[in-house]
Structures are given as C-alpha cells and as structure tokens.
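Here is coords.txt, consisting of compact mmCIF, C-alpha atoms:
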```
# COMPACT_ATOMS: atom_id res chain seq x y z
CA MET W 226 16.38 -7.73 -3.95
CA VAL W 227 17.72 -10.66 -1.94
CA VAL W 228 20.51 -12.76 -3.45
CA LEU W 229 21.48 -16.08 -1.87
CA ALA W 230 23.72 -18.83 -3.16
CA LYS W 231 22.24 -22.30 -3.65
CA ALA W 232 23.76 -23.53 -0.38
CA GLU W 233 22.29 -20.55 1.46
CA LEU W 234 18.85 -21.21 -0.01
CA GLU W 235 19.10 -24.81 1.15
CA GLN W 236 20.01 -23.56 4.63
CA ILE W 237 16.79 -21.56 4.97
CA ALA W 238 14.45 -23.97 3.14
CA LEU W 239 11.52 -25.34 5.14
CA PRO W 240 9.26 -28.30 4.40
CA ALA W 241 5.97 -27.35 2.76
CA ALA W 242 3.34 -27.21 5.51
CA GLN W 243 0.07 -25.50 6.34
CA PRO W 244 -0.12 -24.82 10.08
CA PRO W 245 -3.52 -24.07 11.60
CA LEU W 246 -4.69 -20.49 11.94
CA ALA W 247 -3.96 -18.87 15.27
CA HIS W 248 -6.78 -17.48 17.35
CA VAL W 249 -5.54 -14.01 18.22
CA ARG W 250 -7.35 -12.16 20.98
CA ALA W 251 -8.44 -8.59 20.17
CA VAL W 252 -8.11 -5.72 22.66
CA ASP W 253 -9.93 -2.42 22.09
CA LEU W 254 -7.74 0.48 23.17
CA SER W 255 -10.61 2.91 22.68
CA ALA W 256 -12.82 1.23 25.29
CA ALA W 257 -14.62 3.82 27.42
CA PRO W 258 -13.50 4.28 31.04
CA GLY W 259 -15.34 2.03 33.44
CA ALA W 260 -16.55 -1.50 32.83
CA ALA W 261 -15.52 -1.59 29.14
CA ARG W 262 -11.94 -0.47 29.83
CA ALA W 263 -11.64 -2.87 32.77
CA ALA W 264 -12.76 -5.71 30.49
CA ALA W 265 -10.20 -4.67 27.88
CA ALA W 266 -7.47 -4.63 30.54
CA ARG W 267 -8.43 -8.13 31.67
CA ALA W 268 -8.45 -9.40 28.09
CA LEU W 269 -4.99 -7.91 27.52
CA VAL W 270 -3.55 -9.57 30.62
CA SER W 271 -5.08 -12.93 29.70
CA ALA W 272 -3.62 -12.71 26.19
CA CYS W 273 -0.16 -11.92 27.58
CA GLU W 274 -0.38 -14.88 29.95
CA GLU W 275 -1.68 -17.36 27.39
CA GLN W 276 0.08 -16.43 24.15
CA GLY W 277 2.22 -13.35 24.74
CA PHE W 278 0.56 -12.03 21.60
CA PHE W 279 -2.61 -10.12 20.74
CA ARG W 280 -3.99 -7.52 18.35
CA VAL W 281 -5.27 -4.06 19.16
CA THR W 282 -8.18 -2.17 17.63
CA GLY W 283 -9.21 1.40 18.36
CA HIS W 284 -5.50 2.26 18.32
CA GLY W 285 -5.78 5.80 16.97
CA VAL W 286 -3.03 5.44 14.35
CA PRO W 287 -4.44 6.87 11.09
CA LEU W 288 -4.72 4.13 8.47
CA GLU W 289 -3.95 6.74 5.81
CA LEU W 290 -0.54 7.22 7.44
CA VAL W 291 0.02 3.47 7.65
CA ARG W 292 -0.77 2.94 3.99
CA ALA W 293 1.38 5.89 2.94
CA VAL W 294 4.36 4.46 4.87
CA GLU W 295 3.83 1.00 3.40
CA ALA W 296 3.70 2.43 -0.13
CA ALA W 297 6.84 4.54 0.41
CA ALA W 298 8.67 1.56 1.93
CA ALA W 299 7.68 -0.65 -1.02
CA GLY W 300 9.00 2.07 -3.32
CA PHE W 301 12.32 2.15 -1.48
CA PHE W 302 12.77 -1.63 -1.68
CA ALA W 303 12.00 -1.48 -5.41
CA LEU W 304 15.01 0.79 -6.01
CA PRO W 305 18.15 -0.57 -7.72
CA GLN W 306 20.28 -2.54 -5.28
CA ALA W 307 23.22 -0.15 -5.56
CA GLU W 308 21.08 2.75 -4.39
CA LYS W 309 19.73 0.83 -1.42
CA GLU W 310 23.18 -0.33 -0.39
CA ALA W 311 24.70 3.15 -0.60
CA GLY W 312 24.12 3.60 3.12
CA ALA W 313 25.02 0.07 4.20
CA GLY W 314 27.60 -0.47 6.92
CA ARG W 315 26.26 2.13 9.32
CA PRO W 316 25.00 1.14 12.78
CA VAL W 317 21.50 1.63 11.41
CA GLY W 318 20.37 1.49 7.81
CA TYR W 319 19.79 -1.01 5.02
CA ALA W 320 20.87 -4.65 4.96
CA SER W 321 19.76 -7.90 3.38
CA LYS W 322 19.76 -11.65 4.04
CA ARG W 323 22.02 -11.59 7.13
CA ILE W 324 20.26 -11.21 10.49
CA GLY W 325 22.31 -10.48 13.58
CA THR W 326 25.86 -11.65 14.20
CA GLY W 327 25.30 -15.37 14.70
CA GLY W 328 25.15 -16.41 11.07
CA ASP W 329 21.36 -16.45 10.63
CA LEU W 330 20.08 -15.97 7.09
CA GLY W 331 16.65 -15.11 5.75
CA TRP W 332 14.80 -14.26 2.55
CA ILE W 333 14.65 -10.65 3.66
CA GLU W 334 15.94 -7.13 3.19
CA TYR W 335 15.33 -4.46 5.79
CA LEU W 336 15.86 -1.03 7.27
CA LEU W 337 16.78 -0.82 10.96
CA LEU W 338 16.41 2.62 12.49
CA SER W 339 16.89 4.24 15.87
CA VAL W 340 13.95 6.19 17.33
CA THR W 341 14.31 9.21 19.63
CA SER W 342 12.09 10.05 22.59
CA ALA W 343 10.01 12.27 20.32
CA GLY W 344 9.42 9.37 17.96
CA ALA W 345 11.65 10.86 15.28
CA LEU W 346 14.56 9.26 13.51
CA PRO W 347 17.85 11.06 14.24
CA ALA W 348 19.53 12.62 11.23
CA ALA W 349 22.63 10.54 11.89
CA SER W 350 20.63 7.47 10.99
CA PHE W 351 20.44 8.55 7.38
CA ALA W 352 22.57 9.98 4.68
CA ALA W 353 20.92 11.33 1.57
CA SER W 354 22.01 8.19 -0.22
CA THR W 355 20.53 5.91 2.45
CA LEU W 356 16.95 6.79 1.62
CA PRO W 357 16.80 8.09 -1.93
CA CYS W 358 13.50 9.23 -3.30
CA ALA W 359 11.21 6.35 -4.15
CA ALA W 360 8.93 8.53 -6.25
CA ALA W 361 9.74 9.19 -9.89
CA ALA W 362 8.41 11.71 -12.34
CA ALA W 363 6.47 10.61 -15.40
CA ASP W 364 9.59 10.79 -17.56
CA GLY W 365 11.45 8.46 -15.19
CA SER W 366 13.61 11.15 -13.61
CA ARG W 367 13.72 11.68 -9.85
CA SER W 368 11.07 14.23 -8.93
CA GLU W 369 12.81 15.30 -5.69
CA PRO W 370 16.33 14.86 -4.32
CA SER W 371 15.06 13.54 -0.99
CA CYS W 372 12.51 10.89 -0.20
CA PRO W 373 9.27 11.32 1.78
CA LEU W 374 9.97 7.94 3.39
CA ARG W 375 12.06 9.48 6.15
CA GLU W 376 9.38 12.03 7.05
CA LEU W 377 6.67 9.36 6.95
CA LEU W 378 8.71 7.04 9.17
CA GLU W 379 9.20 9.87 11.67
CA GLU W 380 5.47 10.50 11.84
CA TYR W 381 4.71 6.78 11.99
CA ALA W 382 7.25 6.12 14.75
CA ALA W 383 5.79 8.90 16.89
CA ALA W 384 2.23 7.63 16.46
CA VAL W 385 3.08 3.99 17.16
CA ARG W 386 5.21 4.91 20.18
CA ARG W 387 2.25 6.78 21.69
CA MET W 388 0.05 3.78 21.02
CA ALA W 389 2.59 1.40 22.59
CA CYS W 390 2.61 3.51 25.75
CA GLY W 391 -1.19 3.34 25.78
CA VAL W 392 -1.01 -0.45 25.58
CA LEU W 393 1.43 -0.55 28.50
CA GLU W 394 -0.76 1.77 30.57
CA LEU W 395 -3.78 -0.47 29.99
CA MET W 396 -1.56 -3.41 30.90
CA ALA W 397 -0.61 -1.74 34.19
CA GLU W 398 -4.30 -1.31 34.99
CA GLY W 399 -4.98 -4.96 34.30
CA LEU W 400 -2.10 -5.98 36.58
CA GLY W 401 -3.20 -3.62 39.35
CA LEU W 402 0.03 -1.64 39.17
CA GLY W 403 0.45 1.95 40.20
CA PRO W 404 1.24 4.50 39.00
CA ALA W 405 -0.32 4.17 35.53
CA ASP W 406 3.08 4.62 33.85
CA ALA W 407 4.76 1.90 35.90
CA ILE W 408 5.79 0.14 32.68
CA SER W 409 5.19 2.70 29.93
CA ARG W 410 7.72 5.12 31.41
CA LEU W 411 10.46 2.68 30.42
CA VAL W 412 9.53 3.18 26.77
CA ALA W 413 8.67 6.90 27.08
CA ASP W 414 11.93 7.99 28.74
CA ALA W 415 14.15 10.42 26.83
CA ASP W 416 16.87 7.74 26.78
CA SER W 417 14.64 4.77 25.93
CA ASP W 418 16.22 2.37 23.44
CA ASN W 419 13.47 2.28 20.82
CA MET W 420 13.95 0.94 17.30
CA LEU W 421 11.92 0.76 14.11
CA ARG W 422 12.44 -2.07 11.69
CA VAL W 423 10.99 -2.19 8.17
CA ASN W 424 11.17 -5.67 6.65
CA HIS W 425 10.65 -6.65 3.04
CA TYR W 426 10.16 -10.30 2.12
CA PRO W 427 10.22 -10.61 -1.70
CA PRO W 428 8.10 -13.29 -3.37
CA ARG W 429 9.77 -16.65 -2.90
CA PRO W 430 11.67 -18.13 -5.84
CA GLU W 431 10.71 -21.41 -7.45
CA LEU W 432 12.05 -24.26 -5.34
CA GLN W 433 12.00 -28.01 -5.64
CA HIS W 434 9.23 -29.96 -3.91
CA GLY W 435 7.31 -26.77 -3.11
CA SER W 436 9.63 -25.90 -0.22
CA LEU W 437 9.07 -22.75 1.77
CA LEU W 438 11.74 -20.29 2.86
CA THR W 439 12.63 -18.82 6.20
CA GLY W 440 12.07 -15.09 6.01
CA PHE W 441 13.03 -14.42 9.61
CA GLY W 442 13.97 -17.38 11.82
CA GLU W 443 12.24 -18.31 15.05
CA HIS W 444 13.09 -16.02 17.95
CA THR W 445 11.72 -13.90 20.77
CA ASP W 446 12.11 -10.13 20.90
CA PRO W 447 14.42 -8.91 23.68
CA GLN W 448 12.63 -5.59 24.32
CA ILE W 449 9.59 -4.84 26.50
CA ILE W 450 7.04 -4.67 23.72
CA SER W 451 6.93 -4.98 19.93
CA VAL W 452 4.22 -3.42 17.77
CA LEU W 453 3.86 -5.00 14.34
CA ARG W 454 1.99 -4.05 11.22
CA SER W 455 2.14 -5.75 7.81
CA ASN W 456 0.72 -5.03 4.38
CA GLY W 457 -1.84 -7.82 4.51
CA THR W 458 0.36 -10.64 3.23
CA SER W 459 0.50 -13.79 5.34
CA GLY W 460 3.70 -15.33 6.67
CA LEU W 461 3.87 -14.53 10.39
CA GLU W 462 3.67 -17.58 12.66
CA ILE W 463 3.65 -17.86 16.45
CA ALA W 464 4.55 -20.85 18.61
CA ALA W 465 2.27 -22.25 21.28
CA ARG W 466 3.65 -23.38 24.62
CA ASP W 467 3.97 -26.91 23.24
CA GLY W 468 6.07 -25.61 20.34
CA ALA W 469 3.40 -26.08 17.65
CA TRP W 470 3.29 -23.33 15.05
CA ALA W 471 0.15 -21.42 14.07
CA SER W 472 -0.28 -18.94 11.24
CA VAL W 473 -1.41 -15.41 12.12
CA PRO W 474 -4.18 -14.25 9.76
CA PRO W 475 -3.43 -10.88 8.11
CA ASP W 476 -5.43 -7.98 9.48
CA ALA W 477 -5.75 -4.75 7.51
CA ASP W 478 -6.95 -2.63 10.44
CA SER W 479 -5.21 -3.89 13.58
CA PHE W 480 -1.71 -3.83 15.05
CA PHE W 481 -0.17 -6.95 16.56
CA ILE W 482 1.58 -6.81 19.93
CA ASN W 483 4.38 -9.12 21.09
CA VAL W 484 5.43 -9.56 24.69
CA GLY W 485 9.22 -9.22 24.78
CA ASP W 486 11.85 -10.81 27.01
CA ALA W 487 12.16 -7.71 29.22
CA LEU W 488 8.41 -7.76 29.93
CA GLN W 489 8.59 -11.44 30.81
CA VAL W 490 11.23 -10.51 33.38
CA LEU W 491 9.24 -7.56 34.76
CA THR W 492 6.23 -9.85 35.33
CA ASN W 493 8.42 -12.61 36.79
CA GLY W 494 7.42 -14.99 34.04
CA ARG W 495 3.69 -14.37 34.33
CA PHE W 496 3.68 -12.95 30.81
CA ARG W 497 5.19 -15.03 28.03
CA SER W 498 7.71 -13.71 25.52
CA VAL W 499 6.27 -15.23 22.38
CA LYS W 500 8.44 -17.15 19.95
CA HIS W 501 7.64 -16.23 16.36
CA ARG W 502 8.99 -16.43 12.82
CA VAL W 503 8.17 -15.38 9.26
CA VAL W 504 7.78 -17.99 6.53
CA VAL W 505 7.87 -16.93 2.88
CA SER W 506 5.33 -18.89 0.90
CA SER W 507 3.57 -16.23 -1.13
CA GLU W 508 3.98 -14.90 -4.63
CA ARG W 509 3.23 -11.46 -3.17
CA SER W 510 5.78 -9.29 -1.37
CA ARG W 511 5.35 -8.86 2.36
CA VAL W 512 6.27 -5.54 3.98
CA SER W 513 6.13 -5.32 7.76
CA MET W 514 6.99 -2.54 10.19
CA ILE W 515 7.90 -3.30 13.78
CA PHE W 516 8.36 -0.79 16.59
CA PHE W 517 10.51 -2.18 19.40
CA GLY W 518 10.00 -0.47 22.75
CA GLY W 519 13.09 -0.90 24.92
CA PRO W 520 14.18 0.73 28.19
CA PRO W 521 17.15 3.09 28.63
CA PRO W 522 20.52 1.31 28.48
CA GLY W 523 21.22 1.80 32.18
CA GLN W 524 17.75 0.74 33.34
CA ARG W 525 17.92 -2.09 35.87
CA LEU W 526 15.48 -4.88 35.10
CA ALA W 527 14.04 -7.30 37.63
CA PRO W 528 10.57 -8.59 38.54
CA LEU W 529 8.33 -5.78 39.78
CA ARG W 530 7.81 -6.01 43.54
CA GLN W 531 4.07 -5.47 43.19
CA LEU W 532 3.88 -8.69 41.17
CA MET W 533 6.04 -10.76 43.48
CA GLY W 534 3.61 -11.21 46.37
CA ASP W 535 4.66 -11.80 49.96
CA GLY W 536 7.69 -14.02 50.05
CA GLY W 537 7.61 -14.51 46.32
CA ARG W 538 10.70 -15.89 44.61
CA SER W 539 12.31 -13.92 41.81
CA ARG W 540 12.91 -16.08 38.76
CA TYR W 541 15.47 -13.62 37.38
CA ARG W 542 18.48 -11.81 38.75
CA GLU W 543 18.69 -8.06 38.31
CA PHE W 544 20.53 -6.80 35.23
CA THR W 545 20.68 -3.70 33.06
CA TRP W 546 19.15 -3.45 29.61
CA LYS W 547 22.60 -2.75 28.19
CA GLU W 548 23.89 -5.97 29.76
CA TYR W 549 21.04 -8.02 28.34
CA LYS W 550 21.17 -6.44 24.91
CA SER W 551 24.93 -7.03 24.73
CA SER W 552 24.36 -10.70 25.51
CA THR W 553 22.13 -11.01 22.44
CA HIS W 554 24.90 -9.66 20.18
CA ARG W 555 27.68 -12.03 21.17
CA GLY W 556 27.36 -14.38 18.26
CA SER W 557 24.11 -15.90 19.51
CA ARG W 558 21.64 -17.41 17.06
CA LEU W 559 18.10 -16.15 16.74
CA VAL W 560 16.70 -19.36 18.20
CA ASP W 561 18.89 -19.26 21.34
CA ASP W 562 17.25 -18.89 24.76
CA ARG W 563 18.89 -15.71 26.04
CA LEU W 564 16.90 -15.35 29.26
CA CYS W 565 18.22 -18.60 30.72
CA ARG W 566 21.53 -16.85 31.43
CA PHE W 567 19.73 -14.46 33.77
CA GLU W 568 17.60 -16.93 35.74
CA ASN W 569 18.10 -17.46 39.44
```
Let me see whether you can do it: turn the structure in this file into structure tokens.
Amino acid sequence: MVVLAKAELEQIALPAAQPPLAHVRAVDLSAAPGAARAAAARALVSACEEQGFFRVTGHGVPLELVRAVEAAAAGFFALPQAEKEAGAGRPVGYASKRIGTGGDLGWIEYLLLSVTSAGALPAASFAASTLPCAAAAADGSRSEPSCPLRELLEEYAAAVRRMACGVLELMAEGLGLGPADAISRLVADADSDNMLRVNHYPPRPELQHGSLLTGFGEHTDPQIISVLRSNGTSGLEIAARDGAWASVPPDADSFFINVGDALQVLTNGRFRSVKHRVVVSSERSRVSMIFFGGPPPGQRLAPLRQLMGDGGRSRYREFTWKEYKSSTHRGSRLVDDRLCRFEN
C-alpha cells in the first residue's frame, strides 16, 4: 500500500498523455557461434549506441522461475502494511513512496536487496519479519513461518546475474574487446556491487482530469547494466535523444537491458545511458524486478583504452565506483545529471 497526502499526490501528478510506442531492438543471446552470433553482437552494439536500451531473447532464465518470483512478490506486497514495514530502516529492505535522499516521491513500494557474487541475498539483508510468508493456508493461518520469496529471489538473482554477464560478453565481442570478460568481470567479481530491486506500483487512484502519476521519476541508472523484467503491465517509458518519451510495450518472454552511467563512461560516451521513468496509468498492479550490475567499490572507472583510438580524448576523468555512487547519494534528485561532474 502506498499512502500519500494530497499535496504529495499533486507533486507526482502528470498530464494525461499517450506517448508513441518505442521500437525496441531484440537481441538473441542463444544465437549459434559464427555468423548468427556476430550479427547478434552487432545488433546489441547498435542498440546501445542508438537507444541505450534493448530486449534479449534466448536468455536461458526459466520462465517458470520468473512467474513464481512475480507471484511471491505480489503476495508479499499484498501483506498488511505493518508486516511489510517490520524490517524497514535497514540499509536494504522494504520502503514506500520515498526514492533516494533528494526528496523524490513516487506511487511505489519496493524491496531493495544486496546480491553476493554467488547471486544470493546475504542473510543480513533480511530478518524473519522483513519477508514474512506470503502464502496462507485455507483457514487463513500462515502455512509456514518463513516465506519462499527469499529463496526464489536468491535463485532468480543468480540466474539473471549469469545472463547479465552473457550480455556483457556478447557486448565485448561486438566492440572487438579482448578478453571476452573485459566488461563482465566487473559484474562477476566477488566484490561486485550488485543489487536487486523489486518494485510494486499499485493501481492508480482516481484523480481529477484523468491525470497520471509518477511511479518512478525520470533518471538514468548509475551502474554498468540493468536487467529489467515486469509482470506484463505497461508503464515503462524511455527518452529519445531529443527528450521525447516513448512507451515500452510489455513483453512476457523477454528481459529489457539498460545501459548504465558506468558503461557510458567505459565506452567513452559511445553507448548511451538511457533516461527512463515509470508512469502509473493502469488499473492493474505493476510488479517489476531489476538487477543492477555494478563494479566493486574500489574499481577505477575510465574509458577503455581499446575504445579510445590513437590520440583519442577521454571525455571522463578516472574515478572509483565508490566515489561515483557516493555522489548520487548526496541529496541529488533522480533527474540530476550526475556524470557531468566527472567530465573532462
């Protein structure tokens, strides 16, 4: 449940609008080695250059697992508010309406979880009260004292992390980088700063003049790569280079990939960190799960030499991931351009 005062609702209200549908390029991760894989690598690179956004098929993540996680997450968000908030206040866990430290609000509640190198969620991320059991027995009593959501999220995080590394390896091929893990190693390292976010956007309330609501305000993701999956409800929008918004059609079988700020830096601006937002306009709940692949805190980030060319100019100064991530937490708003502080 999301509760906002009238003034807060007015703050996140958007004019009723129907942006055009985005054309989202598809990349087949299961393409056979040879000409088909080379074509997939080229398509991936083109999508990163043009939109910073694409969808992947042939990803190898079992759809049965995806649907089980979505159902368990929906069950968790349907719990009484007091039970969901029992674990609030920890570095990771449940929260609602407030996003970040800059005062941004949204019609949203969410779980934000740390992911280990094995793809699992560390026990410290949860207390028993943080993720109570979403399943109930026929008589209404809790059937088990612990919820399968945690175990499902562990399995899901591991599967999506493997897939994300596969995307980055195909990306390296398309860029002509060597070795194959030139980029993926930053996400696969034992100390990589990976996160999993589970967002719930309840159906929008009745508003005057048919206004829409901001679910998650416009922003770019600071990490290297983001892997997104939703339950088939619309709402995600991406911005073109001219700032015009386009609606991303729901896709029941694919995963969507965002280029993040760190990847824009690694490619010296060749790839575009896509600005995106979620608009709540539906009478149906939207549940989305996003894996954020970030490098280790001490990893130094700068344009890759292989992409600079002879005498090429670096658009960005070198910095650590910890330094960049800290800059995004210093009261900045979602819409702020964080990379400009690190340009040469």
Could you check the closest approach to W:Ala527 for each of W:Gly556, W:Gly318, W:Gly494, W:Pro404 and tell me which residue wins, using all atoms listed in the file? W:Gly494
If we count all atoms listed in the file, what is near stretch 440-449 of chain W at a cut-off of 9 Å, once residues fewer than 3 positions away on the same chain are taken out, given as an MDAnalysis selection string? chainID W and resid 237 322 324 329:333 408 411:412 418:419 426 460 462:464 483:489 491 498:505 517:520 546 549:550 553 558:564
For atom CA of W:Phe496 and atom CA of W:Glu274, determine how far apart the two atoms are, in Å to one decimal place. 4.6 Å
Record the distance separating atom CA of W:Ile515 and atom CA of W:Thr545, expressed in Å with one decimal.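 Interatomic distance, atom CA of W:Ile515 to atom CA of W:Thr545: 23.1 Å.
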Find the residues around W:Val512 up to 10 Å (only C-alpha atoms counted), leave out those fewer than 2 positions away in its own chain, and share them as a short mmCIF file (atom, residue, chain, number, x, y, z; two decimals) with C-alpha atoms, in the frame of the given file.
```cif
data_model
loop_
_atom_site.label_atom_id
_atom_site.label_comp_id
_atom_site.auth_asym_id
_atom_site.auth_seq_id
_atom_site.Cartn_x
_atom_site.Cartn_y
_atom_site.Cartn_z
CA GLU W 295 3.83 1.00 3.40
CA ALA W 296 3.70 2.43 -0.13
CA ALA W 298 8.67 1.56 1.93
CA ALA W 299 7.68 -0.65 -1.02
CA PHE W 302 12.77 -1.63 -1.68
CA ILE W 333 14.65 -10.65 3.66
CA GLU W 334 15.94 -7.13 3.19
CA TYR W 335 15.33 -4.46 5.79
CA VAL W 423 10.99 -2.19 8.17
CA ASN W 424 11.17 -5.67 6.65
CA HIS W 425 10.65 -6.65 3.04
CA TYR W 426 10.16 -10.30 2.12
CA PRO W 427 10.22 -10.61 -1.70
CA ARG W 454 1.99 -4.05 11.22
CA SER W 455 2.14 -5.75 7.81
CA ASN W 456 0.72 -5.03 4.38
CA GLY W 457 -1.84 -7.82 4.51
CA THR W 458 0.36 -10.64 3.23
CA ARG W 509 3.23 -11.46 -3.17
CA SER W 510 5.78 -9.29 -1.37
CA MET W 514 6.99 -2.54 10.19
#
```
To one decimal place in Å, what is the distance between atom CA of W:Ala471 and atom CA of W:Pro245?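 Separating atom CA of W:Ala471 from atom CA of W:Pro245 is a distance of 5.2 Å.
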Selected residue of minimal separation from W:Glu235 among W:Leu269, W:Ala307, W:Leu437, W:Ala407, counting all atoms listed in the file: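 Using all atoms listed in the file, the shortest distance to W:Glu235 belongs to W:Leu437.
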Given all atoms listed in the file as the basis, pick out the residue of W:Arg497, W:His248, W:Arg387, W:Lys547 nearest to W:Pro474. W:His248
Which residues come within 6 Å of W:Met420, counting only C-alpha atoms, excluding same-chain residues fewer than 6 positions away, as a list in words?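 Listed by chain and then number, they are Leu338, Ser339, Val340, Phe516 and Phe517 of chain W.
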Store the residues picked out above, limited to C-alpha atoms, as a PDB file, keeping the file's coordinate frame.
```pdb
ATOM      1  CA  LEU W 338      16.410   2.620  12.490  1.00  0.00           C
ATOM      2  CA  SER W 339      16.890   4.240  15.870  1.00  0.00           C
ATOM      3  CA  VAL W 340      13.950   6.190  17.330  1.00  0.00           C
ATOM      4  CA  PHE W 516       8.360  -0.790  16.590  1.00  0.00           C
ATOM      5  CA  PHE W 517      10.510  -2.180  19.400  1.00  0.00           C
TER       6      PHE W 517
END
```
Selected residue of minimal separation from W:Ala413 among W:Leu453, W:Val270, W:Pro521, W:Leu378, counting only C-alpha atoms: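 Result for the nearest residue to W:Ala413: W:Pro521.
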Please return the centre and edge lengths, in Å to one decimal, of a box with edges along x, y and z that contains all listed atoms of stretch 458-469 of chain W, widened by 5 Å on every side, as lines of an AutoDock Vina configuration file.
```
center_x = 3.2
center_y = -18.8
center_z = 13.9
size_x = 15.7
size_y = 26.3
size_z = 31.4
```
Nearest-residue call for W:His554, choices W:Thr326, W:Ala320, W:Gly537, W:Pro240, using all atoms listed in the file: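 The shortest atom-to-atom distance to W:His554 comes from W:Thr326.
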Distance criterion (only C-alpha atoms): nearest to W:Ser417 out of W:Val392, W:Ser479, W:Leu337, W:Pro522: W:Pro522
In the coordinate frame of the file, compute which residues have an atom within 12 Å of (-3.4, -16.6, 17.2) when using all atoms listed in the file, and state them as a PyMOL selection string. chain W and resi 244-251+272-273+275-280+461-465+469-476+481-483+499+501
Export, as a CSV table (one decimal), keeping the file's coordinate frame, the selected residues with C-alpha atoms.
```
chain,number,residue,atom,x,y,z
W,244,PRO,CA,-0.1,-24.8,10.1
W,245,PRO,CA,-3.5,-24.1,11.6
W,246,LEU,CA,-4.7,-20.5,11.9
W,247,ALA,CA,-4.0,-18.9,15.3
W,248,HIS,CA,-6.8,-17.5,17.4
W,249,VAL,CA,-5.5,-14.0,18.2
W,250,ARG,CA,-7.4,-12.2,21.0
W,251,ALA,CA,-8.4,-8.6,20.2
W,272,ALA,CA,-3.6,-12.7,26.2
W,273,CYS,CA,-0.2,-11.9,27.6
W,275,GLU,CA,-1.7,-17.4,27.4
W,276,GLN,CA,0.1,-16.4,24.2
W,277,GLY,CA,2.2,-13.4,24.7
W,278,PHE,CA,0.6,-12.0,21.6
W,279,PHE,CA,-2.6,-10.1,20.7
W,280,ARG,CA,-4.0,-7.5,18.4
W,461,LEU,CA,3.9,-14.5,10.4
W,462,GLU,CA,3.7,-17.6,12.7
W,463,ILE,CA,3.6,-17.9,16.4
W,464,ALA,CA,4.6,-20.8,18.6
W,465,ALA,CA,2.3,-22.2,21.3
W,469,ALA,CA,3.4,-26.1,17.6
W,470,TRP,CA,3.3,-23.3,15.0
W,471,ALA,CA,0.2,-21.4,14.1
W,472,SER,CA,-0.3,-18.9,11.2
W,473,VAL,CA,-1.4,-15.4,12.1
W,474,PRO,CA,-4.2,-14.2,9.8
W,475,PRO,CA,-3.4,-10.9,8.1
W,476,ASP,CA,-5.4,-8.0,9.5
W,481,PHE,CA,-0.2,-7.0,16.6
W,482,ILE,CA,1.6,-6.8,19.9
W,483,ASN,CA,4.4,-9.1,21.1
W,499,VAL,CA,6.3,-15.2,22.4
W,501,HIS,CA,7.6,-16.2,16.4
```
Provide stretch 520-540 of chain W of the preceding structure as a file containing C-alpha atoms, as a PDB file, in the first residue's frame.
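As written to disk, decode_29.pdb reads:
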```pdb
ATOM      1  CA  PRO W 520      31.571  -2.950 -10.180  1.00  0.00           C
ATOM      2  CA  PRO W 521      33.462  -3.414  -6.892  1.00  0.00           C
ATOM      3  CA  PRO W 522      33.580  -0.246  -4.771  1.00  0.00           C
ATOM      4  CA  GLY W 523      37.288   0.292  -5.341  1.00  0.00           C
ATOM      5  CA  GLN W 524      37.158  -0.331  -9.096  1.00  0.00           C
ATOM      6  CA  ARG W 525      38.606   2.587 -11.050  1.00  0.00           C
ATOM      7  CA  LEU W 526      36.412   3.626 -13.959  1.00  0.00           C
ATOM      8  CA  ALA W 527      37.588   5.396 -17.092  1.00  0.00           C
ATOM      9  CA  PRO W 528      37.161   4.924 -20.845  1.00  0.00           C
ATOM     10  CA  LEU W 529      38.649   1.622 -22.010  1.00  0.00           C
ATOM     11  CA  ARG W 530      41.888   2.190 -23.922  1.00  0.00           C
ATOM     12  CA  GLN W 531      40.820  -0.184 -26.684  1.00  0.00           C
ATOM     13  CA  LEU W 532      37.897   2.125 -27.431  1.00  0.00           C
ATOM     14  CA  MET W 533      39.868   5.348 -27.336  1.00  0.00           C
ATOM     15  CA  GLY W 534      41.777   5.005 -30.607  1.00  0.00           C
ATOM     16  CA  ASP W 535      45.127   6.629 -31.305  1.00  0.00           C
ATOM     17  CA  GLY W 536      45.235  10.035 -29.733  1.00  0.00           C
ATOM     18  CA  GLY W 537      41.644   9.794 -28.620  1.00  0.00           C
ATOM     19  CA  ARG W 538      40.398  12.217 -25.996  1.00  0.00           C
ATOM     20  CA  SER W 539      38.857  10.877 -22.805  1.00  0.00           C
ATOM     21  CA  ARG W 540      35.524  12.502 -22.072  1.00  0.00           C
TER      22      ARG W 540
END
```
